[in-house]
Amino acid sequence: MSTGRPRWKQVTATVRLQEPRGVHFWLDLDVPSAFTAPSPGQFVQILLPPAANPALLPRPMSVASVRKRSGGMTLGFLYAPVGLGTHALAALRGGARVEVLGPLGHGFPLERKGTPVLLAGGRGVAPMLFAAAELARRGRRAEFLFGARDRDHLVGLDDAHRTLRVLGGRLQVCTDDGSRGRRGNVVDLLESAVPRLETPLVLHACGPHAMLKAVARWALVHGCEAWLAMESVMACGTGVCRGCPMPRSATARREFPEGAPSLLGNRDYAMCCTEGPVFESRALDWERIH
Ligand SMILES: Cc1cc2nc3c(=O)[nH]c(=O)nc-3n(C[C@H](O)[C@H](O)[C@H](O)COP(=O)(O)OP(=O)(O)OC[C@H]3O[C@@H](n4cnc5c(N)ncnc54)[C@H](O)[C@@H]3O)c2cc1C
Ligand code: FES
């Protein structure tokens with residue numbers, strides 16, 4: 001965990017592409033070269049222009065892809081329009097301007113020794129696509145397990161296939177209703193994949209908290225590392241408002257007898273935006289996460 005100087009900046013970004021991807025949307029934003037390249041698992045805060053913003057506060061979004069271009073880079077996002085802010089975001093067209101603050105938080109430690117296993121649940125696939133691309137860039141083989149409630153919610157599957165082809169890794173899918181891939185959830189998929197994977201495994205996951213809780217439990221029982229991208233409602237994204245607390249486990253609380261360093265929260269709660277959003281599973285108290 002680093003408590004060093006944050007490397008985020010707020011920049012004006014331009015919408016390059018906005019298109020429906022099944023039940024979700026894909027958004028490409030051009031940011032200037034002053035913006036630090038994000039790593040997989042990090043996120044940004046997107047603030048809409050005043051005239052188009054019914055939500056007041058910015059909305060956190062995981063980076064799903066990064067492409068360098070002359071004069072800066074293009075950040076890709078895969079998102080679900082669920083409320084005021086994301087519906088307004090979906091209404092923006094090419095050329096529209098937004099403010100982007102980032103990159104924020106800590107991403108996945110993809111350098112850890114072991115076989116990387118990427119687990120994605122529903123729209124939680126967004127940062128996992130970026131993680132797969134980064135592993136491919138580093139020439140590392142990975143296992144990609146992708147689950148959703150039904151085939152319509154396996155958005156991003158084609159992107160995952162494309163990346164995995166380069167990587168030479170394996171992609172397996174499952175759905176709760178069995179409409180595509182195996183019937184069941186990603187933990188069932190993990191269980192079935194384990195016998196042919198070289199240990200130690202290092203799990204990296206993003207999805208609904210219920211799924212992450214199941215992954216955390218599996219990792220604990222099998223004695224392997226799991227790095228989980230958590231979500232919380234956020235306001236500032238930089239540790240100032242104290243609005244995104246995640247309960248620390250008893251082990252993690254012992255690390256901070258005097259309290260946590262500034263911006264990381266306190267002894268009892270970690271701030272999701274600055275200490276996460278990616279946490280090692282043993283850092284959190286899963287009994288108190290819903
Ligand atoms: C670090 C991080 C990364 C994220 N990455 C993505 C992403 O890649 N793609 C994506 O689609 N979404 C992502 N989200 C969730 C996204 O930020 C929320 O869906 C969004 O803020 C909702 O804003 P809204 O104004 O549309 O909804 P609101 O009108 O504010 O709320 C609509 C409903 O969504 C709920 N809600 C709001 N924020 C969250 C949240 N963070 N988690 C769960 N429920 C929430 C509200 O309680 C309410 O029920 C991420 C969130 C975090 C914290
Ligand atoms: S969102 Fe403000 S402290 Fe995390």
# chains A, B, ... in the order shown; residues from 1 in each chain; ligands from 1
>>> residues_near_ligand(ligand="ligand 2", cutoff="10 Å", atoms="only C-alpha atoms and all ligand atoms", output="number ranges by chain")
A: 45, 59-60, 105, 232-246, 263-265, 270-277
>>> write_last_selection(atoms="N, CA and C atoms", output="compact mmCIF listing (two decimals), in the first residue's frame")
# COMPACT_ATOMS: atom_id res chain seq x y z
N GLN A 45 -12.95 9.83 -12.06
CA GLN A 45 -14.22 10.47 -11.77
C GLN A 45 -14.60 11.29 -12.99
N ARG A 59 -19.08 10.97 -11.30
CA ARG A 59 -19.37 9.54 -11.13
C ARG A 59 -18.11 8.72 -11.37
N PRO A 60 -17.83 7.76 -10.45
CA PRO A 60 -16.62 6.93 -10.62
C PRO A 60 -16.80 5.88 -11.71
N GLY A 105 -6.95 5.78 -7.09
CA GLY A 105 -6.93 4.51 -6.36
C GLY A 105 -5.81 3.58 -6.77
N SER A 232 -18.18 1.57 -4.14
CA SER A 232 -18.88 2.29 -3.09
C SER A 232 -19.45 3.54 -3.75
N VAL A 233 -20.52 4.06 -3.21
CA VAL A 233 -20.97 5.36 -3.69
C VAL A 233 -19.86 6.35 -3.32
N MET A 234 -19.47 7.21 -4.24
CA MET A 234 -18.34 8.12 -3.97
C MET A 234 -18.72 9.57 -4.27
N ALA A 235 -18.04 10.48 -3.56
CA ALA A 235 -18.22 11.90 -3.85
C ALA A 235 -16.91 12.46 -4.40
N CYS A 236 -15.87 12.56 -3.53
CA CYS A 236 -14.64 13.24 -3.98
C CYS A 236 -13.71 12.31 -4.77
N GLY A 237 -13.61 11.05 -4.38
CA GLY A 237 -12.69 10.12 -5.06
C GLY A 237 -11.24 10.26 -4.62
N THR A 238 -10.97 11.16 -3.67
CA THR A 238 -9.58 11.44 -3.30
C THR A 238 -9.31 11.33 -1.80
N GLY A 239 -10.23 10.76 -1.04
CA GLY A 239 -9.98 10.53 0.38
C GLY A 239 -10.39 11.67 1.29
N VAL A 240 -10.97 12.72 0.75
CA VAL A 240 -11.26 13.91 1.55
C VAL A 240 -12.62 13.84 2.24
N CYS A 241 -13.66 13.38 1.51
CA CYS A 241 -15.02 13.49 2.06
C CYS A 241 -15.35 12.38 3.06
N ARG A 242 -14.58 11.31 3.09
CA ARG A 242 -14.79 10.15 3.99
C ARG A 242 -16.12 9.46 3.68
N GLY A 243 -16.55 9.51 2.42
CA GLY A 243 -17.87 9.00 2.06
C GLY A 243 -17.89 7.58 1.53
N CYS A 244 -16.74 6.89 1.49
CA CYS A 244 -16.73 5.57 0.85
C CYS A 244 -16.07 4.52 1.74
N PRO A 245 -16.51 4.42 3.02
CA PRO A 245 -15.82 3.52 3.95
C PRO A 245 -16.03 2.04 3.66
N MET A 246 -14.97 1.26 3.84
CA MET A 246 -15.01 -0.21 3.72
C MET A 246 -14.51 -0.77 5.05
N LEU A 263 -5.83 10.34 4.68
CA LEU A 263 -6.54 10.02 3.43
C LEU A 263 -6.86 8.54 3.24
N LEU A 264 -6.31 7.67 4.10
CA LEU A 264 -6.60 6.25 3.94
C LEU A 264 -7.80 5.80 4.78
N GLY A 265 -8.35 6.70 5.58
CA GLY A 265 -9.47 6.32 6.43
C GLY A 265 -9.03 6.32 7.87
N ALA A 270 -11.37 1.53 5.87
CA ALA A 270 -10.49 1.99 4.79
C ALA A 270 -11.34 2.81 3.84
N MET A 271 -10.77 3.82 3.23
CA MET A 271 -11.50 4.55 2.19
C MET A 271 -11.35 3.79 0.88
N CYS A 272 -12.48 3.48 0.26
CA CYS A 272 -12.45 2.68 -0.98
C CYS A 272 -11.68 3.42 -2.08
N CYS A 273 -11.80 4.75 -2.11
CA CYS A 273 -11.21 5.49 -3.24
C CYS A 273 -9.69 5.59 -3.15
N THR A 274 -9.13 5.65 -1.94
CA THR A 274 -7.69 5.85 -1.84
C THR A 274 -6.92 4.57 -1.50
N GLU A 275 -7.53 3.71 -0.67
CA GLU A 275 -6.83 2.48 -0.31
C GLU A 275 -7.21 1.36 -1.27
N GLY A 276 -8.41 1.48 -1.85
CA GLY A 276 -8.89 0.57 -2.89
C GLY A 276 -8.78 1.29 -4.21
N PRO A 277 -9.65 1.04 -5.19
CA PRO A 277 -10.79 0.14 -5.00
C PRO A 277 -10.39 -1.34 -4.96
>>> residues_near_ligand(ligand="ligand 1", cutoff="7 Å", atoms="only C-alpha atoms and all ligand atoms", output="mmCIF file with N, CA and C atoms, in the first residue's frame")
data_model
loop_
_atom_site.group_PDB
_atom_site.id
_atom_site.type_symbol
_atom_site.label_atom_id
_atom_site.label_comp_id
_atom_site.auth_asym_id
_atom_site.auth_seq_id
_atom_site.Cartn_x
_atom_site.Cartn_y
_atom_site.Cartn_z
ATOM 1 N N PHE A 43 -9.457 3.883 -11.388
ATOM 2 C CA PHE A 43 -10.679 4.485 -11.921
ATOM 3 C C PHE A 43 -10.499 5.979 -12.082
ATOM 4 N N ALA A 55 -26.766 15.481 -11.961
ATOM 5 C CA ALA A 55 -26.323 14.706 -10.789
ATOM 6 C C ALA A 55 -25.398 15.476 -9.853
ATOM 7 N N ARG A 59 -19.077 10.970 -11.304
ATOM 8 C CA ARG A 59 -19.375 9.543 -11.125
ATOM 9 C C ARG A 59 -18.109 8.723 -11.368
ATOM 10 N N PRO A 60 -17.825 7.755 -10.450
ATOM 11 C CA PRO A 60 -16.615 6.930 -10.619
ATOM 12 C C PRO A 60 -16.799 5.879 -11.707
ATOM 13 N N MET A 61 -15.777 5.650 -12.490
ATOM 14 C CA MET A 61 -15.835 4.686 -13.589
ATOM 15 C C MET A 61 -14.466 4.010 -13.736
ATOM 16 N N SER A 62 -14.470 2.680 -13.801
ATOM 17 C CA SER A 62 -13.207 1.947 -14.009
ATOM 18 C C SER A 62 -12.746 2.123 -15.439
ATOM 19 N N VAL A 63 -11.447 2.157 -15.607
ATOM 20 C CA VAL A 63 -10.897 2.253 -16.968
ATOM 21 C C VAL A 63 -10.907 0.846 -17.564
ATOM 22 N N ALA A 64 -11.482 0.727 -18.775
ATOM 23 C CA ALA A 64 -11.577 -0.588 -19.433
ATOM 24 C C ALA A 64 -10.530 -0.753 -20.523
ATOM 25 N N PHE A 77 -14.349 3.039 -21.576
ATOM 26 C CA PHE A 77 -15.179 2.686 -20.413
ATOM 27 C C PHE A 77 -16.353 1.836 -20.885
ATOM 28 N N LEU A 78 -16.691 0.853 -20.084
ATOM 29 C CA LEU A 78 -17.888 0.050 -20.348
ATOM 30 C C LEU A 78 -18.807 0.285 -19.162
ATOM 31 N N TYR A 79 -20.002 0.828 -19.432
ATOM 32 C CA TYR A 79 -20.831 1.179 -18.273
ATOM 33 C C TYR A 79 -22.304 0.890 -18.505
ATOM 34 N N ALA A 80 -22.992 0.753 -17.380
ATOM 35 C CA ALA A 80 -24.426 0.498 -17.407
ATOM 36 C C ALA A 80 -25.148 1.782 -17.018
ATOM 37 N N PRO A 81 -26.084 2.263 -17.840
ATOM 38 C CA PRO A 81 -26.863 3.431 -17.424
ATOM 39 C C PRO A 81 -27.894 2.991 -16.376
ATOM 40 N N VAL A 82 -27.659 3.399 -15.125
ATOM 41 C CA VAL A 82 -28.528 2.937 -14.029
ATOM 42 C C VAL A 82 -29.296 4.058 -13.348
ATOM 43 N N GLY A 83 -28.805 5.281 -13.457
ATOM 44 C CA GLY A 83 -29.446 6.380 -12.726
ATOM 45 C C GLY A 83 -29.198 7.704 -13.425
ATOM 46 N N LEU A 84 -29.390 8.782 -12.667
ATOM 47 C CA LEU A 84 -29.298 10.137 -13.227
ATOM 48 C C LEU A 84 -28.008 10.398 -14.002
ATOM 49 N N GLY A 85 -26.877 10.159 -13.323
ATOM 50 C CA GLY A 85 -25.573 10.522 -13.906
ATOM 51 C C GLY A 85 -25.226 9.680 -15.119
ATOM 52 N N THR A 86 -25.421 8.375 -15.023
ATOM 53 C CA THR A 86 -25.008 7.496 -16.132
ATOM 54 C C THR A 86 -25.972 7.619 -17.318
ATOM 55 N N HIS A 87 -27.251 7.943 -17.070
ATOM 56 C CA HIS A 87 -28.150 8.199 -18.208
ATOM 57 C C HIS A 87 -27.735 9.491 -18.922
ATOM 58 N N ARG A 123 -21.147 -6.204 -15.383
ATOM 59 C CA ARG A 123 -20.397 -5.040 -15.877
ATOM 60 C C ARG A 123 -19.037 -4.904 -15.197
ATOM 61 N N GLY A 124 -18.781 -5.739 -14.178
ATOM 62 C CA GLY A 124 -17.457 -5.795 -13.549
ATOM 63 C C GLY A 124 -16.393 -6.275 -14.524
ATOM 64 N N ALA A 126 -15.424 -4.639 -17.000
ATOM 65 C CA ALA A 126 -14.695 -3.473 -17.524
ATOM 66 C C ALA A 126 -13.204 -3.469 -17.128
ATOM 67 N N PRO A 127 -12.848 -3.442 -15.831
ATOM 68 C CA PRO A 127 -11.416 -3.400 -15.504
ATOM 69 C C PRO A 127 -10.687 -4.702 -15.836
ATOM 70 N N MET A 230 -13.556 -3.274 -5.390
ATOM 71 C CA MET A 230 -14.788 -2.974 -4.657
ATOM 72 C C MET A 230 -15.445 -1.706 -5.215
ATOM 73 N N GLU A 231 -16.742 -1.584 -4.949
ATOM 74 C CA GLU A 231 -17.452 -0.360 -5.336
ATOM 75 C C GLU A 231 -18.111 0.255 -4.118
ATOM 76 N N SER A 232 -18.182 1.565 -4.139
ATOM 77 C CA SER A 232 -18.882 2.285 -3.089
ATOM 78 C C SER A 232 -19.451 3.536 -3.746
ATOM 79 N N VAL A 233 -20.524 4.057 -3.206
ATOM 80 C CA VAL A 233 -20.967 5.365 -3.692
ATOM 81 C C VAL A 233 -19.862 6.349 -3.318
ATOM 82 N N MET A 234 -19.474 7.214 -4.237
ATOM 83 C CA MET A 234 -18.344 8.120 -3.975
ATOM 84 C C MET A 234 -18.717 9.565 -4.270
ATOM 85 N N CYS A 273 -11.800 4.753 -2.108
ATOM 86 C CA CYS A 273 -11.214 5.493 -3.235
ATOM 87 C C CYS A 273 -9.693 5.586 -3.154
ATOM 88 N N PRO A 277 -9.650 1.037 -5.193
ATOM 89 C CA PRO A 277 -10.786 0.142 -5.000
ATOM 90 C C PRO A 277 -10.391 -1.338 -4.960
#
>>> closest_residue(among="A:Ala226, A:Leu157, A:Leu89, A:Val186", to="Glu19 of chain A", atoms="only C-alpha atoms")
A:Leu89
>>> closest_atom_pairs(of="segment 212-263 of chain A", to="segment 33-41 of chain A", cutoff="10 Å", atoms="only C-alpha atoms", output="JSON lines")
{"residue": "A:Trp227", "atom": "CA", "partner": "A:Gly41", "partner_atom": "CA", "distance": 9.9}
{"residue": "A:Leu228", "atom": "CA", "partner": "A:Gly41", "partner_atom": "CA", "distance": 9.1}
{"residue": "A:Ala229", "atom": "CA", "partner": "A:Gly41", "partner_atom": "CA", "distance": 6.7}
{"residue": "A:Met230", "atom": "CA", "partner": "A:Gly41", "partner_atom": "CA", "distance": 9.7}
>>> residues_around(residues="Cys174 of chain A", least_positions_apart="4", cutoff="7 Å", atoms="only C-alpha atoms", output="JSON, numbers by chain")
{"A": [146, 147, 148, 178, 180, 181, 182, 183, 184, 185, 186]}
>>> decode(residues="segment 262-273 of chain A", atoms="all heavy atoms", output="mmCIF file, in the first residue's frame")
data_model
loop_
_atom_site.group_PDB
_atom_site.id
_atom_site.type_symbol
_atom_site.label_atom_id
_atom_site.label_comp_id
_atom_site.auth_asym_id
_atom_site.auth_seq_id
_atom_site.Cartn_x
_atom_site.Cartn_y
_atom_site.Cartn_z
ATOM 1 N N SER A 262 -3.115 9.667 6.869
ATOM 2 C CA SER A 262 -4.068 10.615 6.303
ATOM 3 C C SER A 262 -4.577 10.151 4.935
ATOM 4 O O SER A 262 -3.824 9.631 4.134
ATOM 5 C CB SER A 262 -3.350 11.957 6.168
ATOM 6 O OG SER A 262 -4.065 12.804 5.329
ATOM 7 N N LEU A 263 -5.833 10.345 4.681
ATOM 8 C CA LEU A 263 -6.541 10.023 3.427
ATOM 9 C C LEU A 263 -6.856 8.536 3.241
ATOM 10 O O LEU A 263 -7.566 8.168 2.327
ATOM 11 C CB LEU A 263 -5.807 10.547 2.179
ATOM 12 C CG LEU A 263 -5.576 12.053 2.107
ATOM 13 C CD1 LEU A 263 -4.977 12.433 0.750
ATOM 14 C CD2 LEU A 263 -6.856 12.841 2.321
ATOM 15 N N LEU A 264 -6.307 7.672 4.104
ATOM 16 C CA LEU A 264 -6.602 6.247 3.943
ATOM 17 C C LEU A 264 -7.800 5.802 4.782
ATOM 18 O O LEU A 264 -8.191 4.660 4.731
ATOM 19 C CB LEU A 264 -5.389 5.392 4.309
ATOM 20 C CG LEU A 264 -4.202 5.479 3.368
ATOM 21 C CD1 LEU A 264 -3.158 4.446 3.736
ATOM 22 C CD2 LEU A 264 -4.626 5.304 1.925
ATOM 23 N N GLY A 265 -8.346 6.701 5.578
ATOM 24 C CA GLY A 265 -9.466 6.321 6.429
ATOM 25 C C GLY A 265 -9.030 6.319 7.872
ATOM 26 O O GLY A 265 -8.266 7.181 8.306
ATOM 27 N N ASN A 266 -9.501 5.320 8.646
ATOM 28 C CA ASN A 266 -9.079 5.220 10.037
ATOM 29 C C ASN A 266 -8.819 3.757 10.366
ATOM 30 O O ASN A 266 -8.803 2.908 9.479
ATOM 31 C CB ASN A 266 -10.114 5.867 10.974
ATOM 32 C CG ASN A 266 -11.484 5.233 10.811
ATOM 33 O OD1 ASN A 266 -11.600 4.033 10.589
ATOM 34 N ND2 ASN A 266 -12.521 6.050 10.915
ATOM 35 N N ARG A 267 -8.630 3.463 11.632
ATOM 36 C CA ARG A 267 -8.285 2.096 12.026
ATOM 37 C C ARG A 267 -9.402 1.103 11.647
ATOM 38 O O ARG A 267 -9.144 -0.031 11.289
ATOM 39 C CB ARG A 267 -8.041 2.082 13.536
ATOM 40 C CG ARG A 267 -7.570 0.773 14.069
ATOM 41 C CD ARG A 267 -7.334 0.869 15.562
ATOM 42 N NE ARG A 267 -7.097 -0.462 16.080
ATOM 43 C CZ ARG A 267 -8.069 -1.299 16.443
ATOM 44 N NH1 ARG A 267 -9.327 -0.932 16.352
ATOM 45 N NH2 ARG A 267 -7.756 -2.503 16.906
ATOM 46 N N ASP A 268 -10.637 1.569 11.715
ATOM 47 C CA ASP A 268 -11.766 0.657 11.499
ATOM 48 C C ASP A 268 -12.243 0.592 10.057
ATOM 49 O O ASP A 268 -12.792 -0.416 9.630
ATOM 50 C CB ASP A 268 -12.939 1.067 12.402
ATOM 51 C CG ASP A 268 -12.559 0.899 13.861
ATOM 52 O OD1 ASP A 268 -11.943 -0.129 14.179
ATOM 53 O OD2 ASP A 268 -12.828 1.816 14.659
ATOM 54 N N TYR A 269 -12.047 1.695 9.335
ATOM 55 C CA TYR A 269 -12.552 1.743 7.958
ATOM 56 C C TYR A 269 -11.479 2.234 6.996
ATOM 57 O O TYR A 269 -10.810 3.236 7.269
ATOM 58 C CB TYR A 269 -13.766 2.681 7.856
ATOM 59 C CG TYR A 269 -14.994 2.114 8.537
ATOM 60 C CD1 TYR A 269 -15.269 2.422 9.864
ATOM 61 C CD2 TYR A 269 -15.846 1.250 7.862
ATOM 62 C CE1 TYR A 269 -16.382 1.875 10.506
ATOM 63 C CE2 TYR A 269 -16.952 0.702 8.494
ATOM 64 C CZ TYR A 269 -17.214 1.016 9.812
ATOM 65 O OH TYR A 269 -18.304 0.475 10.428
ATOM 66 N N ALA A 270 -11.370 1.532 5.874
ATOM 67 C CA ALA A 270 -10.489 1.992 4.793
ATOM 68 C C ALA A 270 -11.337 2.813 3.839
ATOM 69 O O ALA A 270 -12.520 2.522 3.659
ATOM 70 C CB ALA A 270 -9.932 0.777 4.058
ATOM 71 N N MET A 271 -10.768 3.823 3.227
ATOM 72 C CA MET A 271 -11.498 4.552 2.188
ATOM 73 C C MET A 271 -11.349 3.788 0.877
ATOM 74 O O MET A 271 -10.230 3.515 0.430
ATOM 75 C CB MET A 271 -10.956 5.980 2.038
ATOM 76 C CG MET A 271 -11.278 6.887 3.210
ATOM 77 S SD MET A 271 -13.061 7.004 3.493
ATOM 78 C CE MET A 271 -13.193 6.458 5.178
ATOM 79 N N CYS A 272 -12.481 3.482 0.257
ATOM 80 C CA CYS A 272 -12.454 2.683 -0.978
ATOM 81 C C CYS A 272 -11.683 3.416 -2.083
ATOM 82 O O CYS A 272 -10.975 2.794 -2.870
ATOM 83 C CB CYS A 272 -13.893 2.411 -1.420
ATOM 84 S SG CYS A 272 -14.024 1.316 -2.828
ATOM 85 N N CYS A 273 -11.800 4.753 -2.108
ATOM 86 C CA CYS A 273 -11.214 5.493 -3.235
ATOM 87 C C CYS A 273 -9.693 5.586 -3.154
ATOM 88 O O CYS A 273 -9.036 5.634 -4.197
ATOM 89 C CB CYS A 273 -11.830 6.885 -3.344
ATOM 90 S SG CYS A 273 -11.540 7.949 -1.930
#
